[in-house]
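Peer 1: Coordinates in entry-v9.txt, compact mmCIF, C-alpha atoms, are listed below.
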# COMPACT_ATOMS: atom_id res chain seq x y z
CA MET A 8 13.62 24.29 -10.16
CA THR A 9 11.96 21.61 -8.03
CA LEU A 10 13.89 20.58 -4.98
CA ALA A 11 14.94 16.94 -4.71
CA ARG A 12 12.70 14.53 -2.82
CA SER A 13 15.59 13.61 -0.52
CA THR A 14 16.08 17.30 0.28
CA LEU A 15 12.39 17.68 1.12
CA ALA A 16 12.48 14.56 3.29
CA ASN A 17 15.59 15.74 5.14
CA ARG A 18 14.04 19.15 5.79
CA LEU A 19 10.94 17.50 7.19
CA LEU A 20 13.05 15.24 9.42
CA ALA A 21 14.75 18.36 10.80
CA ALA A 22 11.66 20.56 11.15
CA LEU A 23 9.40 18.15 13.03
CA PRO A 24 11.67 17.50 16.07
CA ALA A 25 12.64 21.18 16.11
CA ALA A 26 8.95 22.03 16.51
CA GLU A 27 8.51 19.91 19.66
CA ALA A 28 11.17 19.29 22.30
CA GLY A 29 11.64 15.64 23.11
CA SER A 30 10.18 14.42 19.82
CA ARG A 31 11.96 12.59 17.03
CA ALA A 32 11.20 11.95 13.38
CA SER A 33 12.36 9.08 11.20
CA LEU A 34 11.85 7.84 7.67
CA ARG A 35 9.83 4.73 7.05
CA GLY A 36 8.87 2.78 3.97
CA SER A 37 10.79 2.61 0.72
CA LEU A 38 12.92 5.71 1.34
CA ALA A 39 14.10 4.25 4.65
CA HIS A 40 14.81 0.87 3.07
CA GLY A 41 16.58 2.22 -0.01
CA THR A 42 14.00 0.71 -2.35
CA ALA A 43 12.30 3.95 -3.47
CA ASP A 44 11.72 4.69 -7.13
CA GLY A 45 10.66 7.89 -8.86
CA TYR A 46 7.04 7.36 -7.82
CA SER A 47 7.58 6.70 -4.10
CA ASP A 48 6.01 8.95 -1.51
CA ILE A 49 7.57 10.11 1.76
CA ASP A 50 6.69 8.11 4.87
CA VAL A 51 7.67 9.66 8.20
CA GLU A 52 7.01 8.64 11.78
CA TRP A 53 6.95 11.50 14.29
CA LEU A 54 7.19 10.17 17.83
CA VAL A 55 6.03 12.89 20.24
CA PRO A 56 5.75 13.15 24.04
CA ASP A 57 2.36 12.11 25.43
CA VAL A 58 1.52 15.56 26.78
CA ALA A 59 2.42 17.22 23.48
CA PHE A 60 0.32 14.95 21.26
CA PRO A 61 -2.74 17.26 20.92
CA SER A 62 -0.66 20.31 20.00
CA CYS A 63 1.48 18.32 17.54
CA LEU A 64 -1.60 17.56 15.44
CA ASP A 65 -1.55 21.14 14.16
CA VAL A 66 1.10 20.18 11.60
CA VAL A 67 0.38 22.74 8.88
CA PRO A 68 2.50 25.59 10.31
CA VAL A 69 5.49 23.29 10.79
CA LEU A 70 5.21 21.70 7.36
CA SER A 71 4.45 24.97 5.57
CA ALA A 72 7.74 26.35 6.82
CA VAL A 73 9.44 23.57 4.85
CA GLN A 74 7.26 23.61 1.71
CA PRO A 75 3.86 25.21 1.01
CA VAL A 76 1.05 22.78 1.85
CA ALA A 77 -1.72 22.18 -0.71
CA SER A 78 -3.86 19.71 1.23
CA VAL A 79 -4.00 17.89 4.58
CA ARG A 80 -6.24 14.89 5.32
CA PHE A 81 -6.43 12.79 8.47
CA SER A 82 -7.07 9.07 8.05
CA PRO A 83 -10.40 8.05 9.57
CA ASP A 84 -8.70 4.93 10.95
CA PHE A 85 -7.12 6.93 13.79
CA LEU A 86 -9.27 10.05 13.82
CA HIS A 87 -10.31 9.63 17.46
CA SER A 88 -7.24 7.85 18.79
CA PRO A 89 -5.74 9.56 21.86
CA VAL A 90 -2.22 8.45 20.85
CA GLN A 91 -1.96 8.33 17.04
CA ARG A 92 -2.96 10.11 13.82
CA LEU A 93 -2.09 9.28 10.23
CA VAL A 94 -1.86 12.49 8.20
CA PHE A 95 -1.72 12.65 4.41
CA VAL A 96 -0.08 15.85 3.19
CA ARG A 97 0.12 17.08 -0.38
CA PHE A 98 2.69 19.81 -0.95
CA ALA A 99 2.43 22.57 -3.54
CA GLY A 100 5.22 22.97 -6.06
CA VAL A 101 6.51 19.39 -5.96
CA PRO A 102 5.53 16.27 -7.94
CA LEU A 103 2.17 14.80 -6.91
CA PHE A 104 3.86 11.49 -6.11
CA TRP A 105 5.71 13.08 -3.18
CA ARG A 106 2.81 12.93 -0.76
CA LEU A 107 3.84 12.88 2.87
CA ASP A 108 2.31 10.09 4.94
CA LEU A 109 2.99 11.36 8.45
CA ASP A 110 2.36 9.00 11.36
CA VAL A 111 2.11 11.21 14.47
CA ARG A 112 2.21 8.98 17.54
CA THR A 113 3.19 8.64 21.14
CA ALA A 114 5.08 5.71 22.61
CA ALA A 115 1.73 4.39 23.87
CA ALA A 116 0.42 3.96 20.31
CA ASP A 117 1.85 0.45 20.13
CA ASP A 118 -0.23 -0.62 23.12
CA VAL A 119 -3.55 1.10 22.39
CA PRO A 120 -5.83 -0.42 19.74
CA ALA A 121 -7.15 2.04 17.18
CA PRO A 122 -10.74 3.11 17.76
CA ALA A 123 -13.33 2.18 15.17
CA ALA A 124 -12.86 4.19 12.00
CA ASP A 125 -15.43 6.73 10.94
CA ASP A 126 -15.87 8.49 7.65
CA GLU A 127 -15.12 12.12 8.42
CA TRP A 128 -13.03 12.93 5.36
CA SER A 129 -13.64 13.88 1.78
CA ARG A 130 -14.59 10.85 -0.28
CA PRO A 131 -13.84 12.67 -3.57
CA GLU A 132 -10.36 13.69 -2.37
CA SER A 133 -9.73 10.15 -1.21
CA ALA A 134 -10.86 8.86 -4.63
CA LEU A 135 -8.47 11.33 -6.29
CA ALA A 136 -5.68 9.78 -4.22
CA ASN A 137 -6.75 6.46 -5.76
CA ALA A 138 -6.53 8.02 -9.22
CA LEU A 139 -3.01 9.25 -8.47
CA GLY A 140 -2.11 5.80 -7.14
CA ALA A 141 -3.40 4.30 -10.39
CA VAL A 142 -1.12 6.59 -12.43
CA LYS A 143 1.78 5.41 -10.29
CA ALA A 144 0.76 1.75 -10.67
CA VAL A 145 0.55 2.04 -14.47
CA ALA A 146 3.97 3.72 -14.59
CA ARG A 147 5.34 0.76 -12.63
CA GLY A 148 3.62 -1.75 -14.93
CA ARG A 149 1.24 -2.94 -12.20
CA PHE A 150 -1.95 -2.92 -14.22
CA ASP A 151 -4.02 -5.11 -11.88
CA ASP A 152 -3.18 -2.71 -9.04
CA ALA A 153 -4.21 0.23 -11.23
CA ARG A 154 -7.54 -1.41 -12.03
CA GLY A 155 -8.22 -2.10 -8.35
CA LEU A 156 -7.33 1.46 -7.34
CA LEU A 157 -9.61 2.96 -9.97
CA ASP A 158 -12.50 0.61 -9.19
CA ARG A 159 -12.23 1.42 -5.47
CA GLY A 160 -12.03 5.12 -6.32
CA PHE A 161 -15.25 4.99 -8.34
CA ALA A 162 -16.93 2.97 -5.59
CA ARG A 163 -15.78 5.46 -2.95
CA ILE A 164 -17.78 8.23 -4.61
CA GLY A 165 -20.80 6.00 -5.27
CA SER A 166 -20.20 5.64 -9.01
CA ALA A 167 -21.00 2.44 -10.88
CA ASP A 168 -18.22 3.27 -13.37
CA ARG A 169 -15.19 0.95 -13.51
CA ALA A 170 -11.75 0.85 -15.09
CA THR A 171 -11.62 -0.21 -18.74
CA GLY A 172 -7.85 -0.47 -19.24
CA ASP A 173 -7.71 2.80 -21.18
CA TRP A 174 -5.74 4.20 -18.27
CA ALA A 175 -5.54 7.88 -19.14
CA ALA A 176 -9.27 7.98 -19.93
CA ASP A 177 -10.13 5.99 -16.80
CA VAL A 178 -8.13 8.34 -14.58
CA ALA A 179 -9.67 11.38 -16.26
CA ARG A 180 -13.22 10.03 -15.78
CA LEU A 181 -12.60 9.38 -12.10
CA ALA A 182 -10.93 12.78 -11.60
CA ARG A 183 -13.77 14.65 -13.31
CA ALA A 184 -16.39 12.70 -11.33
CA CYS A 185 -14.60 13.72 -8.12
CA GLU A 186 -14.47 17.34 -9.25
CA ARG A 187 -18.22 17.35 -9.98
CA ARG A 188 -18.90 16.11 -6.46
CA GLU A 189 -16.48 18.57 -4.83
CA PRO A 190 -15.66 21.55 -7.09
CA GLY A 191 -12.94 22.78 -4.73
CA LEU A 192 -10.81 19.85 -5.91
CA ALA A 193 -10.68 21.11 -9.51
CA GLY A 194 -7.00 22.03 -9.35
CA PHE A 195 -5.92 18.71 -7.86
CA ALA A 196 -8.09 16.82 -10.36
CA ALA A 197 -6.59 18.76 -13.29
CA GLU A 198 -3.06 18.00 -12.10
CA ILE A 199 -3.85 14.28 -12.00
CA VAL A 200 -5.46 14.33 -15.45
CA ALA A 201 -2.40 16.13 -16.86
CA LEU A 202 -0.10 13.61 -15.18
CA ALA A 203 -2.07 10.69 -16.61
Rewrite the structure of this file - the entire thing - as structure tokens.
Peer 2:
Amino acid sequence: MTLARSTLANRLLAALPAAEAGSRASLRGSLAHGTADGYSDIDVEWLVPDVAFPSCLDVVPVLSAVQPVASVRFSPDFLHSPVQRLVFVRFAGVPLFWRLDLDVRTAAADDVPAPAADDEWSRPESALANALGAVKAVARGRFDDARGLLDRGFARIGSADRATGDWAADVARLARACERREPGLAGFAAEIVALA
């Protein structure tokens, strides 16, 4: 039986501060505001001491103790910031919608502008995140959002393909195109196709 999203979130909120003395974790986004629906992800801010920031970026051991981790990606927007990282975590054994968006930061992050983004992450995996977002948008009846997510996903992997409005087929085409470009993503792509 799959654990509840609130249980997973609460375990994360307990595990992160326990892993680093003087740190604290808090919910953000729709879960924090009480506006979450069945498709909402988990947004957490982890405020860590300045001196502990580099060691806190090794989040996999801490998170794996809560729930097995399937994938970790660092946003290129903060990849070289000395005070902040945005980490996207996909857990194994829970619904794909329950991605963790973990903002690891120090108190100085509010005062230091983010360095220029670079592109040091997997474009196909990022495009698969768009495909998953499109499934979520369709389920919520936000068809323009779904179209935009799919079109940006195709563009991200250099494909001229675009959304047609046949949502399941569109998601499947994007997922399979991502898998062709990065075969190691076959399992994630198949999960998204099945979900669509």
Peer 1: List as a CSV table (one decimal) with C-alpha atoms, in the frame of the given file the residues having at least one atom at most 9 Å from position (-12.2, 11.2, -5.2) as given in the file, counting all atoms listed in the file.
Peer 2:
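Listing of part.csv after writing:
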chain,number,residue,atom,x,y,z
A,129,SER,CA,-13.6,13.9,1.8
A,130,ARG,CA,-14.6,10.8,-0.3
A,131,PRO,CA,-13.8,12.7,-3.6
A,132,GLU,CA,-10.4,13.7,-2.4
A,133,SER,CA,-9.7,10.2,-1.2
A,134,ALA,CA,-10.9,8.9,-4.6
A,135,LEU,CA,-8.5,11.3,-6.3
A,136,ALA,CA,-5.7,9.8,-4.2
A,137,ASN,CA,-6.8,6.5,-5.8
A,138,ALA,CA,-6.5,8.0,-9.2
A,160,GLY,CA,-12.0,5.1,-6.3
A,161,PHE,CA,-15.2,5.0,-8.3
A,163,ARG,CA,-15.8,5.5,-3.0
A,164,ILE,CA,-17.8,8.2,-4.6
A,181,LEU,CA,-12.6,9.4,-12.1
A,182,ALA,CA,-10.9,12.8,-11.6
A,183,ARG,CA,-13.8,14.6,-13.3
A,184,ALA,CA,-16.4,12.7,-11.3
A,185,CYS,CA,-14.6,13.7,-8.1
A,186,GLU,CA,-14.5,17.3,-9.2
A,188,ARG,CA,-18.9,16.1,-6.5
A,189,GLU,CA,-16.5,18.6,-4.8
A,192,LEU,CA,-10.8,19.8,-5.9
A,196,ALA,CA,-8.1,16.8,-10.4
Peer 1: Could you check which of A:Val111, A:Leu139, A:Val90, A:Pro83 is closest to Tyr46 (chain A), using all atoms listed in the file?
Peer 2: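 Selected residue with least distance to Tyr46 (chain A): A:Leu139.
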Peer 1: Can you tell me how far CA of Gly165 (chain A) sits from CA of Phe85 (chain A), in Å to one decimal?
Peer 2: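 A separation of 23.5 Å between them.
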Peer 1: Between A:Leu20, A:Ala193, A:Cys63, A:Ala203, which is the closest to Ala144 (chain A) once you count only C-alpha atoms?
Peer 2: A:Ala203
Peer 1: What does the distance between CA of Asp110 (chain A) and CA of Asp44 (chain A) come to in Å, to one decimal place?
Peer 2: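 Taking CA of Asp110 (chain A) as the start and CA of Asp44 (chain A) as the end point, the length is 21.2 Å.
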Peer 1: Of the candidates A:Gly100, A:Leu202, A:Thr171, A:Gly36, which shows the shortest atom-to-atom distance to Val73 (chain A), using all atoms listed in the file?
Peer 2: A:Gly100
Peer 1: Report, in Å to a single decimal, how far apart CA of Asp152 (chain A) and CA of Ser33 (chain A) are.
Peer 2: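 The value is 28.1 Å.
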Peer 1: Using only C-alpha atoms, can you tell me which of A:Ala16, A:Val96, A:Leu109, A:Leu156 comes closest to Glu52 (chain A)?
Peer 2: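 The closest residue to Glu52 (chain A) is A:Leu109.
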Peer 1: Name the closest residue to Thr14 (chain A) among the candidates A:Ala197, A:Ser47, A:Leu64, A:Gln74; distances are taken between atoms, counting all atoms listed in the file.
Peer 2: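 For Thr14 (chain A), the nearest of the candidates is A:Gln74.
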Peer 1: Find the residue from A:Arg92, A:His87, A:Arg12, A:Arg169 that sits nearest to Val66 (chain A); use only C-alpha atoms when measuring.
Peer 2: A:Arg92
Peer 1: Give me, as a list in words, all polymer residues having an atom no more than 10 Å from region 37-43 of chain A, counting all atoms listed in the file and skipping those fewer than 5 positions away in the same chain.
Peer 2: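 What passes the distance filter is Arg12, Ser13, Ala16, Asp48, Ile49, Asp50 and Val51 of chain A.
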Peer 1: Kindly list the centre and edge lengths in Å, rounded to one decimal, for the axis-aligned box that covers all listed atoms of region 141-151 of chain A plus 8 Å on each of its six sides, as lines of an AutoDock Vina configuration file.
Peer 2:
center_x = 0.7
center_y = 0.7
center_z = -12.6
size_x = 25.4
size_y = 27.7
size_z = 20.6
